[in-house]
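Engineer: Input structure: coords.tsv, which contains TSV, N, CA and C atoms.
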chain	number	residue	atom	x	y	z
A	12	MET	N	0.85	-1.16	0.00
A	12	MET	CA	0.00	0.00	0.00
A	12	MET	C	0.90	1.23	0.00
A	13	GLY	N	0.60	2.19	-0.84
A	13	GLY	CA	1.44	3.37	-0.96
A	13	GLY	C	1.31	4.31	0.23
A	14	GLN	N	2.22	5.27	0.27
A	14	GLN	CA	2.22	6.27	1.35
A	14	GLN	C	0.88	6.99	1.42
A	15	LYS	N	0.29	7.28	0.25
A	15	LYS	CA	-0.96	8.02	0.19
A	15	LYS	C	-2.10	7.27	0.88
A	16	ASN	N	-2.10	5.95	0.79
A	16	ASN	CA	-3.18	5.14	1.34
A	16	ASN	C	-2.83	4.47	2.66
A	17	SER	N	-1.70	4.80	3.26
A	17	SER	CA	-1.27	4.09	4.46
A	17	SER	C	-2.14	4.39	5.68
A	18	LEU	N	-2.95	5.43	5.63
A	18	LEU	CA	-3.82	5.78	6.76
A	18	LEU	C	-5.25	5.25	6.59
A	19	VAL	N	-5.57	4.73	5.41
A	19	VAL	CA	-6.91	4.23	5.13
A	19	VAL	C	-7.13	2.90	5.83
A	20	VAL	N	-8.25	2.78	6.51
A	20	VAL	CA	-8.63	1.54	7.19
A	20	VAL	C	-9.53	0.71	6.29
A	21	SER	N	-10.54	1.34	5.71
A	21	SER	CA	-11.50	0.63	4.87
A	21	SER	C	-12.31	1.63	4.07
A	22	GLY	N	-13.05	1.12	3.11
A	22	GLY	CA	-13.91	1.99	2.31
A	22	GLY	C	-15.01	1.19	1.64
A	23	ASN	N	-16.06	1.88	1.21
A	23	ASN	CA	-17.12	1.27	0.43
A	23	ASN	C	-17.54	2.28	-0.64
A	24	LYS	N	-18.69	2.11	-1.24
A	24	LYS	CA	-19.09	2.95	-2.37
A	24	LYS	C	-19.20	4.43	-2.01
A	25	HIS	N	-19.75	4.74	-0.84
A	25	HIS	CA	-20.03	6.14	-0.50
A	25	HIS	C	-19.12	6.78	0.53
A	26	CYS	N	-18.39	6.00	1.30
A	26	CYS	CA	-17.57	6.60	2.36
A	26	CYS	C	-16.31	5.77	2.61
A	27	MET	N	-15.41	6.35	3.39
A	27	MET	CA	-14.19	5.65	3.76
A	27	MET	C	-13.84	5.97	5.20
A	28	ALA	N	-13.04	5.09	5.79
A	28	ALA	CA	-12.58	5.27	7.17
A	28	ALA	C	-11.06	5.34	7.14
A	29	PHE	N	-10.51	6.28	7.90
A	29	PHE	CA	-9.06	6.40	7.96
A	29	PHE	C	-8.64	6.93	9.32
A	30	VAL	N	-7.38	6.69	9.65
A	30	VAL	CA	-6.78	7.24	10.86
A	30	VAL	C	-6.20	8.60	10.47
A	31	PRO	N	-6.55	9.68	11.18
A	31	PRO	CA	-6.00	10.99	10.80
A	31	PRO	C	-4.49	11.04	10.98
A	32	PHE	N	-3.84	11.93	10.24
A	32	PHE	CA	-2.38	12.04	10.28
A	32	PHE	C	-1.87	12.33	11.68
A	33	ALA	N	-2.56	13.18	12.42
A	33	ALA	CA	-2.15	13.51	13.79
A	33	ALA	C	-3.33	13.24	14.73
A	34	PRO	N	-3.58	11.96	15.06
A	34	PRO	CA	-4.73	11.65	15.91
A	34	PRO	C	-4.51	12.13	17.35
A	35	GLU	N	-5.61	12.41	18.01
A	35	GLU	CA	-5.53	12.80	19.42
A	35	GLU	C	-5.48	11.58	20.32
A	36	TYR	N	-6.03	10.46	19.85
A	36	TYR	CA	-6.08	9.22	20.63
A	36	TYR	C	-5.59	8.06	19.78
A	37	PRO	N	-5.03	7.02	20.40
A	37	PRO	CA	-4.68	5.81	19.65
A	37	PRO	C	-5.95	5.21	19.04
A	38	TYR	N	-5.85	4.76	17.80
A	38	TYR	CA	-6.95	4.14	17.07
A	38	TYR	C	-8.11	5.08	16.79
A	39	GLU	N	-7.89	6.36	16.82
A	39	GLU	CA	-8.92	7.32	16.40
A	39	GLU	C	-9.17	7.13	14.91
A	40	VAL	N	-10.43	7.12	14.51
A	40	VAL	CA	-10.80	6.91	13.11
A	40	VAL	C	-11.83	7.95	12.71
A	41	TRP	N	-11.67	8.47	11.48
A	41	TRP	CA	-12.66	9.37	10.91
A	41	TRP	C	-13.35	8.64	9.76
A	42	ILE	N	-14.66	8.80	9.68
A	42	ILE	CA	-15.44	8.27	8.57
A	42	ILE	C	-15.91	9.47	7.76
A	43	VAL	N	-15.55	9.50	6.48
A	43	VAL	CA	-15.84	10.66	5.63
A	43	VAL	C	-16.54	10.21	4.36
A	44	PRO	N	-17.36	11.10	3.77
A	44	PRO	CA	-17.97	10.76	2.49
A	44	PRO	C	-16.93	10.85	1.37
A	45	LYS	N	-17.10	10.06	0.34
A	45	LYS	CA	-16.17	10.11	-0.80
A	45	LYS	C	-16.47	11.28	-1.72
A	46	SER	N	-17.68	11.78	-1.68
A	46	SER	CA	-18.04	12.93	-2.51
A	46	SER	C	-18.13	14.19	-1.63
A	47	CYS	N	-18.08	15.34	-2.25
A	47	CYS	CA	-18.21	16.60	-1.51
A	47	CYS	C	-19.58	16.65	-0.86
A	48	ALA	N	-19.60	16.82	0.45
A	48	ALA	CA	-20.87	16.80	1.18
A	48	ALA	C	-20.76	17.67	2.43
A	49	PRO	N	-21.33	18.87	2.41
A	49	PRO	CA	-21.20	19.76	3.56
A	49	PRO	C	-22.11	19.42	4.74
A	50	CYS	N	-23.25	18.78	4.47
A	50	CYS	CA	-24.23	18.56	5.54
A	50	CYS	C	-24.62	17.09	5.63
A	51	PHE	N	-24.43	16.52	6.79
A	51	PHE	CA	-24.75	15.12	7.07
A	51	PHE	C	-26.23	14.83	6.78
A	52	ALA	N	-27.12	15.72	7.17
A	52	ALA	CA	-28.56	15.48	7.03
A	52	ALA	C	-28.97	15.34	5.56
A	53	TYR	N	-28.37	16.12	4.67
A	53	TYR	CA	-28.70	16.00	3.25
A	53	TYR	C	-28.31	14.64	2.71
A	54	ASP	N	-27.15	14.12	3.11
A	54	ASP	CA	-26.71	12.82	2.63
A	54	ASP	C	-27.56	11.69	3.19
A	55	MET	N	-28.07	11.84	4.39
A	55	MET	CA	-28.85	10.78	5.02
A	55	MET	C	-30.22	10.60	4.37
A	56	GLU	N	-30.60	11.51	3.47
A	56	GLU	CA	-31.85	11.34	2.73
A	56	GLU	C	-31.75	10.18	1.74
A	57	ASN	N	-30.53	9.85	1.32
A	57	ASN	CA	-30.30	8.75	0.39
A	57	ASN	C	-30.12	7.46	1.19
A	58	PRO	N	-31.05	6.49	1.05
A	58	PRO	CA	-30.95	5.27	1.86
A	58	PRO	C	-29.70	4.44	1.59
A	59	TYR	N	-29.19	4.45	0.36
A	59	TYR	CA	-27.97	3.70	0.04
A	59	TYR	C	-26.77	4.32	0.74
A	60	PHE	N	-26.72	5.65	0.74
A	60	PHE	CA	-25.65	6.36	1.42
A	60	PHE	C	-25.72	6.10	2.92
A	61	ARG	N	-26.92	6.19	3.47
A	61	ARG	CA	-27.14	5.96	4.90
A	61	ARG	C	-26.69	4.56	5.31
A	62	ASN	N	-27.01	3.56	4.50
A	62	ASN	CA	-26.59	2.18	4.79
A	62	ASN	C	-25.08	2.03	4.74
A	63	ASP	N	-24.43	2.68	3.76
A	63	ASP	CA	-22.97	2.59	3.66
A	63	ASP	C	-22.29	3.22	4.86
A	64	VAL	N	-22.80	4.34	5.34
A	64	VAL	CA	-22.22	4.99	6.53
A	64	VAL	C	-22.40	4.09	7.75
A	65	ALA	N	-23.58	3.52	7.90
A	65	ALA	CA	-23.85	2.63	9.04
A	65	ALA	C	-22.95	1.38	8.98
A	66	GLU	N	-22.79	0.81	7.80
A	66	GLU	CA	-21.93	-0.36	7.65
A	66	GLU	C	-20.47	-0.01	7.95
A	67	MET	N	-20.03	1.15	7.53
A	67	MET	CA	-18.65	1.56	7.78
A	67	MET	C	-18.43	1.76	9.29
A	68	LEU	N	-19.38	2.37	9.97
A	68	LEU	CA	-19.26	2.56	11.41
A	68	LEU	C	-19.23	1.20	12.12
A	69	LEU	N	-20.08	0.30	11.73
A	69	LEU	CA	-20.10	-1.04	12.32
A	69	LEU	C	-18.77	-1.76	12.07
A	70	GLU	N	-18.23	-1.61	10.87
A	70	GLU	CA	-16.94	-2.24	10.56
A	70	GLU	C	-15.82	-1.66	11.42
A	71	VAL	N	-15.81	-0.35	11.60
A	71	VAL	CA	-14.79	0.28	12.45
A	71	VAL	C	-14.90	-0.24	13.88
A	72	LEU	N	-16.12	-0.32	14.40
A	72	LEU	CA	-16.32	-0.83	15.76
A	72	LEU	C	-15.86	-2.28	15.89
A	73	ARG	N	-16.16	-3.09	14.90
A	73	ARG	CA	-15.74	-4.51	14.94
A	73	ARG	C	-14.22	-4.64	14.85
A	74	ARG	N	-13.61	-3.85	13.98
A	74	ARG	CA	-12.15	-3.89	13.85
A	74	ARG	C	-11.49	-3.46	15.16
A	75	PHE	N	-12.02	-2.40	15.76
A	75	PHE	CA	-11.45	-1.92	17.01
A	75	PHE	C	-11.60	-2.96	18.11
A	76	ALA	N	-12.77	-3.62	18.17
A	76	ALA	CA	-13.00	-4.66	19.19
A	76	ALA	C	-12.03	-5.82	19.01
A	77	THR	N	-11.64	-6.11	17.77
A	77	THR	CA	-10.69	-7.18	17.50
A	77	THR	C	-9.28	-6.80	17.95
A	78	VAL	N	-8.93	-5.53	17.80
A	78	VAL	CA	-7.58	-5.06	18.12
A	78	VAL	C	-7.34	-4.93	19.62
A	79	VAL	N	-8.35	-4.47	20.38
A	79	VAL	CA	-8.14	-4.28	21.82
A	79	VAL	C	-8.20	-5.61	22.55
A	80	SER	N	-7.52	-5.68	23.67
A	80	SER	CA	-7.42	-6.95	24.39
A	80	SER	C	-8.68	-7.31	25.17
A	81	MET	N	-9.45	-6.32	25.61
A	81	MET	CA	-10.66	-6.60	26.39
A	81	MET	C	-11.84	-5.87	25.77
A	82	PRO	N	-12.47	-6.44	24.71
A	82	PRO	CA	-13.55	-5.75	24.01
A	82	PRO	C	-14.74	-5.39	24.89
A	83	SER	N	-14.92	-6.09	26.00
A	83	SER	CA	-16.07	-5.78	26.88
A	83	SER	C	-15.87	-4.45	27.60
A	84	LEU	N	-14.65	-3.94	27.62
A	84	LEU	CA	-14.36	-2.68	28.30
A	84	LEU	C	-14.20	-1.50	27.34
A	85	ILE	N	-14.73	-1.65	26.13
A	85	ILE	CA	-14.59	-0.59	25.14
A	85	ILE	C	-15.47	0.60	25.51
A	86	HIS	N	-14.83	1.74	25.58
A	86	HIS	CA	-15.54	3.01	25.77
A	86	HIS	C	-15.06	3.93	24.67
A	87	TYR	N	-15.99	4.62	24.04
A	87	TYR	CA	-15.59	5.50	22.95
A	87	TYR	C	-16.57	6.65	22.84
A	88	ASN	N	-16.12	7.67	22.15
A	88	ASN	CA	-16.99	8.79	21.79
A	88	ASN	C	-17.16	8.76	20.28
A	89	LEU	N	-18.33	9.13	19.82
A	89	LEU	CA	-18.60	9.26	18.40
A	89	LEU	C	-19.14	10.67	18.20
A	90	MET	N	-18.41	11.47	17.47
A	90	MET	CA	-18.79	12.87	17.27
A	90	MET	C	-19.06	13.13	15.80
A	91	LEU	N	-20.10	13.88	15.52
A	91	LEU	CA	-20.46	14.26	14.16
A	91	LEU	C	-20.10	15.72	13.95
A	92	TYR	N	-19.30	15.98	12.94
A	92	TYR	CA	-18.95	17.35	12.55
A	92	TYR	C	-19.64	17.61	11.22
A	93	THR	N	-20.55	18.57	11.18
A	93	THR	CA	-21.34	18.81	9.97
A	93	THR	C	-21.62	20.29	9.79
A	94	GLY	N	-21.92	20.67	8.54
A	94	GLY	CA	-22.37	22.02	8.26
A	94	GLY	C	-23.84	22.14	8.63
A	95	LEU	N	-24.33	23.34	8.65
A	95	LEU	CA	-25.73	23.57	9.00
A	95	LEU	C	-26.64	23.34	7.80
A	96	MET	N	-27.83	22.82	8.06
A	96	MET	CA	-28.78	22.57	6.97
A	96	MET	C	-29.25	23.87	6.34
A	97	LEU	N	-29.37	24.93	7.11
A	97	LEU	CA	-29.92	26.17	6.59
A	97	LEU	C	-28.91	26.98	5.79
A	98	GLN	N	-27.65	26.61	5.84
A	98	GLN	CA	-26.64	27.29	5.04
A	98	GLN	C	-26.77	26.86	3.59
A	99	ASP	N	-26.12	27.64	2.72
A	99	ASP	CA	-26.09	27.19	1.33
A	99	ASP	C	-25.30	25.88	1.26
A	100	ARG	N	-25.47	25.17	0.22
A	100	ARG	CA	-24.80	23.87	0.10
A	100	ARG	C	-23.38	24.06	-0.41
A	101	SER	N	-22.62	24.84	0.31
A	101	SER	CA	-21.24	25.14	-0.04
A	101	SER	C	-20.39	23.88	-0.02
A	102	ARG	N	-19.52	23.76	-0.97
A	102	ARG	CA	-18.65	22.59	-1.06
A	102	ARG	C	-17.33	22.81	-0.32
A	103	SER	N	-17.24	23.90	0.44
A	103	SER	CA	-15.99	24.17	1.16
A	103	SER	C	-15.93	23.43	2.50
A	104	TRP	N	-17.01	22.81	2.93
A	104	TRP	CA	-17.05	22.08	4.19
A	104	TRP	C	-17.44	20.64	3.91
A	105	HIS	N	-16.85	19.71	4.63
A	105	HIS	CA	-17.20	18.30	4.49
A	105	HIS	C	-17.51	17.75	5.88
A	106	TRP	N	-18.63	17.06	6.00
A	106	TRP	CA	-18.97	16.45	7.29
A	106	TRP	C	-18.09	15.23	7.50
A	107	TYR	N	-17.96	14.82	8.75
A	107	TYR	CA	-17.27	13.57	9.07
A	107	TYR	C	-17.69	13.10	10.45
A	108	LEU	N	-17.59	11.78	10.64
A	108	LEU	CA	-17.81	11.15	11.94
A	108	LEU	C	-16.44	10.88	12.55
A	109	ARG	N	-16.28	11.20	13.81
A	109	ARG	CA	-15.00	11.00	14.48
A	109	ARG	C	-15.18	9.98	15.62
A	110	PHE	N	-14.52	8.84	15.49
A	110	PHE	CA	-14.55	7.78	16.48
A	110	PHE	C	-13.29	7.93	17.34
A	111	THR	N	-13.47	8.17	18.64
A	111	THR	CA	-12.32	8.33	19.54
A	111	THR	C	-12.46	7.36	20.72
A	112	PRO	N	-11.62	6.33	20.74
A	112	PRO	CA	-11.65	5.39	21.86
A	112	PRO	C	-11.20	6.07	23.15
A	113	ARG	N	-11.85	5.73	24.24
A	113	ARG	CA	-11.46	6.28	25.54
A	113	ARG	C	-10.71	5.25	26.37
A	114	SER	N	-10.58	4.04	25.88
A	114	SER	CA	-9.91	2.98	26.63
A	114	SER	C	-8.46	3.30	26.90
A	115	PHE	N	-7.86	4.14	26.06
A	115	PHE	CA	-6.44	4.44	26.15
A	115	PHE	C	-6.19	5.82	26.76
A	116	GLN	N	-7.22	6.48	27.23
A	116	GLN	CA	-7.08	7.85	27.70
A	116	GLN	C	-6.48	7.89	29.10
A	117	VAL	N	-5.18	8.02	29.14
A	117	VAL	CA	-4.46	8.13	30.40
A	117	VAL	C	-3.59	9.37	30.30
A	118	ASP	N	-3.98	10.41	31.00
A	118	ASP	CA	-3.23	11.65	30.95
A	118	ASP	C	-2.11	11.63	31.97
A	119	GLY	N	-0.91	11.89	31.51
A	119	GLY	CA	0.24	11.99	32.39
A	119	GLY	C	0.57	13.44	32.67
A	120	GLY	N	1.72	13.68	33.25
A	120	GLY	CA	2.13	15.03	33.60
A	120	GLY	C	2.26	15.94	32.41
A	121	VAL	N	2.85	15.43	31.34
A	121	VAL	CA	3.03	16.26	30.14
A	121	VAL	C	1.68	16.62	29.53
A	122	GLU	N	0.80	15.61	29.39
A	122	GLU	CA	-0.51	15.87	28.79
A	122	GLU	C	-1.30	16.89	29.60
A	123	CYS	N	-1.27	16.80	30.91
A	123	CYS	CA	-1.99	17.75	31.75
A	123	CYS	C	-1.33	19.13	31.74
A	124	GLY	N	-0.01	19.16	31.73
A	124	GLY	CA	0.71	20.41	31.82
A	124	GLY	C	0.65	21.26	30.57
A	125	ILE	N	0.79	20.63	29.39
A	125	ILE	CA	0.82	21.42	28.16
A	125	ILE	C	-0.39	21.19	27.28
A	126	LYS	N	-1.36	20.43	27.75
A	126	LYS	CA	-2.60	20.17	27.01
A	126	LYS	C	-2.32	19.58	25.63
A	127	MET	N	-1.39	18.65	25.59
A	127	MET	CA	-1.03	18.00	24.34
A	127	MET	C	-0.90	16.50	24.61
A	128	ARG	N	-1.38	15.69	23.72
A	128	ARG	CA	-1.32	14.24	23.91
A	128	ARG	C	-0.05	13.68	23.29
A	129	ILE	N	0.50	12.68	23.96
A	129	ILE	CA	1.65	11.95	23.44
A	129	ILE	C	1.19	10.52	23.21
A	130	LEU	N	1.29	10.06	21.96
A	130	LEU	CA	0.84	8.71	21.61
A	130	LEU	C	2.02	7.76	21.55
A	131	ALA	N	1.75	6.50	21.84
A	131	ALA	CA	2.80	5.49	21.86
A	131	ALA	C	3.09	4.92	20.48
A	132	GLY	N	2.39	5.36	19.47
A	132	GLY	CA	2.59	4.84	18.12
A	132	GLY	C	2.35	5.93	17.09
A	133	ILE	N	2.44	5.52	15.82
A	133	ILE	CA	2.19	6.47	14.74
A	133	ILE	C	0.90	6.10	14.02
A	134	SER	N	0.34	7.05	13.31
A	134	SER	CA	-0.95	6.86	12.63
A	134	SER	C	-0.94	5.65	11.71
A	135	GLU	N	0.13	5.49	10.94
A	135	GLU	CA	0.21	4.38	9.99
A	135	GLU	C	0.15	3.03	10.71
A	136	MET	N	0.75	2.94	11.89
A	136	MET	CA	0.72	1.70	12.66
A	136	MET	C	-0.71	1.37	13.11
A	137	TYR	N	-1.43	2.39	13.61
A	137	TYR	CA	-2.81	2.17	14.05
A	137	TYR	C	-3.69	1.75	12.86
A	138	ALA	N	-3.52	2.43	11.72
A	138	ALA	CA	-4.31	2.09	10.53
A	138	ALA	C	-4.02	0.67	10.07
A	139	GLN	N	-2.75	0.27	10.07
A	139	GLN	CA	-2.39	-1.07	9.65
A	139	GLN	C	-3.01	-2.13	10.56
A	140	LYS	N	-2.95	-1.92	11.85
A	140	LYS	CA	-3.54	-2.89	12.79
A	140	LYS	C	-5.04	-3.01	12.58
A	141	LEU	N	-5.72	-1.88	12.35
A	141	LEU	CA	-7.16	-1.93	12.11
A	141	LEU	C	-7.48	-2.59	10.77
A	142	ARG	N	-6.68	-2.29	9.74
A	142	ARG	CA	-6.89	-2.90	8.42
A	142	ARG	C	-6.74	-4.42	8.49
A	143	GLU	N	-5.76	-4.88	9.24
A	143	GLU	CA	-5.46	-6.31	9.31
A	143	GLU	C	-6.33	-7.07	10.31
A	144	ALA	N	-7.14	-6.35	11.07
A	144	ALA	CA	-7.98	-7.00	12.08
A	144	ALA	C	-9.02	-7.90	11.41
A	145	ALA	N	-9.07	-9.13	11.85
A	145	ALA	CA	-10.08	-10.06	11.34
A	145	ALA	C	-11.31	-9.93	12.21
A	146	PHE	N	-12.41	-9.54	11.61
A	146	PHE	CA	-13.64	-9.32	12.39
A	146	PHE	C	-14.77	-10.18	11.89
Could I get this structure in the form of structure tokens?

Structural biologist:
Amino acid sequence: MGQKNSLVVSGNKHCMAFVPFAPEYPYEVWIVPKSCAPCFAYDMENPYFRNDVAEMLLEVLRRFATVVSMPSLIHYNLMLYTGLMLQDRSRSWHWYLRFTPRSFQVDGGVECGIKMRILAGISEMYAQKLREAAF
């Protein structure tokens, strides 16, 4: 897999999942539409698109459960970043779902002191582990 795709976890017809270049948490994953889409609500009107997003989220959750040692203790946040429905349908904004596991959230002195997270791995490593997870 090339450098360009080393952060991609999975994809389907309408969306893809990837580990961001500078994640805040280990195994953080973003689910984004493949086409320009400023507002989540507009895309959810299409049942095929809605199913693809749901399947991608389920796949990310299953892959993450496979990677962690104790899946019964999985805690995570799922945040939706979207444009407003009442705005024009500007293509300058893209919605995305952000999956952030909390199982690894252990703040040390540096994290508390400078409000910056230090991760034990790199984005490409997290993406590779999730890609290779058998679920």

Engineer: Expressed in Å to a single decimal, how great is the separation between atom N of Val78 in chain A and atom N of Phe29 in chain A?

Structural biologist: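 Atom N of Phe29 in chain A lies at a distance of 15.5 Å from atom N of Val78 in chain A.
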
Engineer: Excluding range 131-135 of chain A and residues on its chain fewer than 5 positions from it, collect all residues at most 7 Å away from it, counting all atoms listed in the file, and give them as a list in words.

Structural biologist: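 That gives Ser17, Leu18, Val30, Pro31, Phe32, Ala33, Pro34, Pro37 and Lys140 of chain A.
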
Engineer: Hey, can you spit out that residue selection with N, CA and C atoms as a compact mmCIF listing (two decimals), in the frame of the given file?

Structural biologist:
# COMPACT_ATOMS: atom_id res chain seq x y z
N SER A 17 -1.70 4.80 3.26
CA SER A 17 -1.27 4.09 4.46
C SER A 17 -2.14 4.39 5.68
N LEU A 18 -2.95 5.43 5.63
CA LEU A 18 -3.82 5.78 6.76
C LEU A 18 -5.25 5.25 6.59
N VAL A 30 -7.38 6.69 9.65
CA VAL A 30 -6.78 7.24 10.86
C VAL A 30 -6.20 8.60 10.47
N PRO A 31 -6.55 9.68 11.18
CA PRO A 31 -6.00 10.99 10.80
C PRO A 31 -4.49 11.04 10.98
N PHE A 32 -3.84 11.93 10.24
CA PHE A 32 -2.38 12.04 10.28
C PHE A 32 -1.87 12.33 11.68
N ALA A 33 -2.56 13.18 12.42
CA ALA A 33 -2.15 13.51 13.79
C ALA A 33 -3.33 13.24 14.73
N PRO A 34 -3.58 11.96 15.06
CA PRO A 34 -4.73 11.65 15.91
C PRO A 34 -4.51 12.13 17.35
N PRO A 37 -5.03 7.02 20.40
CA PRO A 37 -4.68 5.81 19.65
C PRO A 37 -5.95 5.21 19.04
N LYS A 140 -2.95 -1.92 11.85
CA LYS A 140 -3.54 -2.89 12.79
C LYS A 140 -5.04 -3.01 12.58

Engineer: Work out how far atom N of Met136 in chain A is from atom N of Trp106 in chain A, in Å to one decimal.

Structural biologist: 24.7 Å

Engineer: Nearest residue to Glu39 in chain A out of A:Leu95, A:Leu72, A:Ala145, A:Val64, using only C-alpha atoms?

Structural biologist: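 The answer is A:Leu72, which sits nearest to Glu39 in chain A.
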
Engineer: Using only C-alpha atoms, what residues lie at most 9 Å away from (-8.7, 6.3, 2.4) (file coordinates), given as number ranges by chain?

Structural biologist: A: 15-22, 26-30, 43, 45

Engineer: Generate the output file for the selected residues, N, CA and C atoms, as a PDB file, keeping the file's coordinate frame.

Structural biologist:
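Printed below is out-v9.pdb as written:
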ATOM      1  N   LYS A  15       0.290   7.280   0.250  1.00  0.00           N
ATOM      2  CA  LYS A  15      -0.960   8.020   0.190  1.00  0.00           C
ATOM      3  C   LYS A  15      -2.100   7.270   0.880  1.00  0.00           C
ATOM      4  N   ASN A  16      -2.100   5.950   0.790  1.00  0.00           N
ATOM      5  CA  ASN A  16      -3.180   5.140   1.340  1.00  0.00           C
ATOM      6  C   ASN A  16      -2.830   4.470   2.660  1.00  0.00           C
ATOM      7  N   SER A  17      -1.700   4.800   3.260  1.00  0.00           N
ATOM      8  CA  SER A  17      -1.270   4.090   4.460  1.00  0.00           C
ATOM      9  C   SER A  17      -2.140   4.390   5.680  1.00  0.00           C
ATOM     10  N   LEU A  18      -2.950   5.430   5.630  1.00  0.00           N
ATOM     11  CA  LEU A  18      -3.820   5.780   6.760  1.00  0.00           C
ATOM     12  C   LEU A  18      -5.250   5.250   6.590  1.00  0.00           C
ATOM     13  N   VAL A  19      -5.570   4.730   5.410  1.00  0.00           N
ATOM     14  CA  VAL A  19      -6.910   4.230   5.130  1.00  0.00           C
ATOM     15  C   VAL A  19      -7.130   2.900   5.830  1.00  0.00           C
ATOM     16  N   VAL A  20      -8.250   2.780   6.510  1.00  0.00           N
ATOM     17  CA  VAL A  20      -8.630   1.540   7.190  1.00  0.00           C
ATOM     18  C   VAL A  20      -9.530   0.710   6.290  1.00  0.00           C
ATOM     19  N   SER A  21     -10.540   1.340   5.710  1.00  0.00           N
ATOM     20  CA  SER A  21     -11.500   0.630   4.870  1.00  0.00           C
ATOM     21  C   SER A  21     -12.310   1.630   4.070  1.00  0.00           C
ATOM     22  N   GLY A  22     -13.050   1.120   3.110  1.00  0.00           N
ATOM     23  CA  GLY A  22     -13.910   1.990   2.310  1.00  0.00           C
ATOM     24  C   GLY A  22     -15.010   1.190   1.640  1.00  0.00           C
ATOM     25  N   CYS A  26     -18.390   6.000   1.300  1.00  0.00           N
ATOM     26  CA  CYS A  26     -17.570   6.600   2.360  1.00  0.00           C
ATOM     27  C   CYS A  26     -16.310   5.770   2.610  1.00  0.00           C
ATOM     28  N   MET A  27     -15.410   6.350   3.390  1.00  0.00           N
ATOM     29  CA  MET A  27     -14.190   5.650   3.760  1.00  0.00           C
ATOM     30  C   MET A  27     -13.840   5.970   5.200  1.00  0.00           C
ATOM     31  N   ALA A  28     -13.040   5.090   5.790  1.00  0.00           N
ATOM     32  CA  ALA A  28     -12.580   5.270   7.170  1.00  0.00           C
ATOM     33  C   ALA A  28     -11.060   5.340   7.140  1.00  0.00           C
ATOM     34  N   PHE A  29     -10.510   6.280   7.900  1.00  0.00           N
ATOM     35  CA  PHE A  29      -9.060   6.400   7.960  1.00  0.00           C
ATOM     36  C   PHE A  29      -8.640   6.930   9.320  1.00  0.00           C
ATOM     37  N   VAL A  30      -7.380   6.690   9.650  1.00  0.00           N
ATOM     38  CA  VAL A  30      -6.780   7.240  10.860  1.00  0.00           C
ATOM     39  C   VAL A  30      -6.200   8.600  10.470  1.00  0.00           C
ATOM     40  N   VAL A  43     -15.550   9.500   6.480  1.00  0.00           N
ATOM     41  CA  VAL A  43     -15.840  10.660   5.630  1.00  0.00           C
ATOM     42  C   VAL A  43     -16.540  10.210   4.360  1.00  0.00           C
ATOM     43  N   LYS A  45     -17.100  10.060   0.340  1.00  0.00           N
ATOM     44  CA  LYS A  45     -16.170  10.110  -0.800  1.00  0.00           C
ATOM     45  C   LYS A  45     -16.470  11.280  -1.720  1.00  0.00           C
TER      46      LYS A  45
END

Engineer: Looking at A:Leu108, A:Ala138, A:Ala144, A:Ile85, which one is nearest to Pro44 in chain A, with distances taken over only C-alpha atoms?

Structural biologist: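 Answer, going by the shortest atom-to-atom distance: A:Leu108.
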
Engineer: As an exercise, work out the distance from CA of Ala76 in chain A to CA of Leu130 in chain A in Å and give it to one decimal place.

Structural biologist: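 For CA of Ala76 in chain A relative to CA of Leu130 in chain A, the distance reads 19.4 Å.
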
Engineer: Taking 5 positions as the minimum chain separation for residues in the same chain, which residues sit within 9 Å of Glu70 in chain A when counting only C-alpha atoms? Answer as number ranges by chain.

Structural biologist: A: 21, 65, 75, 146

Engineer: Measuring between only N, CA and C atoms, which one of A:Asn23, A:Thr93, A:Asn88, A:Thr77 shows the shortest distance to Arg109 in chain A?

Structural biologist: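 Of all the options, A:Asn88 lies closest to Arg109 in chain A.
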
Engineer: Counting only C-alpha atoms, figure out which residue out of A:Lys24, A:Leu89, A:Glu35, A:Ala48 gets nearest to Asn62 in chain A.

Structural biologist: A:Lys24

Engineer: Find, counting only N, CA and C atoms, the residue in A:Met55, A:Ile42, A:Tyr107, A:Leu141 that gets nearest to Met67 in chain A.

Structural biologist: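 Of all the options, A:Ile42 lies closest to Met67 in chain A.
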
Engineer: Per DSSP on the backbone, what are the helix (DSSP H, G or I) residues of range 37-112 of chain A, as a ChimeraX atom specification?

Structural biologist: /A:51-54,58-78,82-84

Engineer: My list of candidates is A:Phe51, A:Pro58, A:Val79, A:Thr111. Which is closest to Gly94 in chain A when distances are computed with only C-alpha atoms?

Structural biologist: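 Using only C-alpha atoms, the shortest distance to Gly94 in chain A belongs to A:Phe51.
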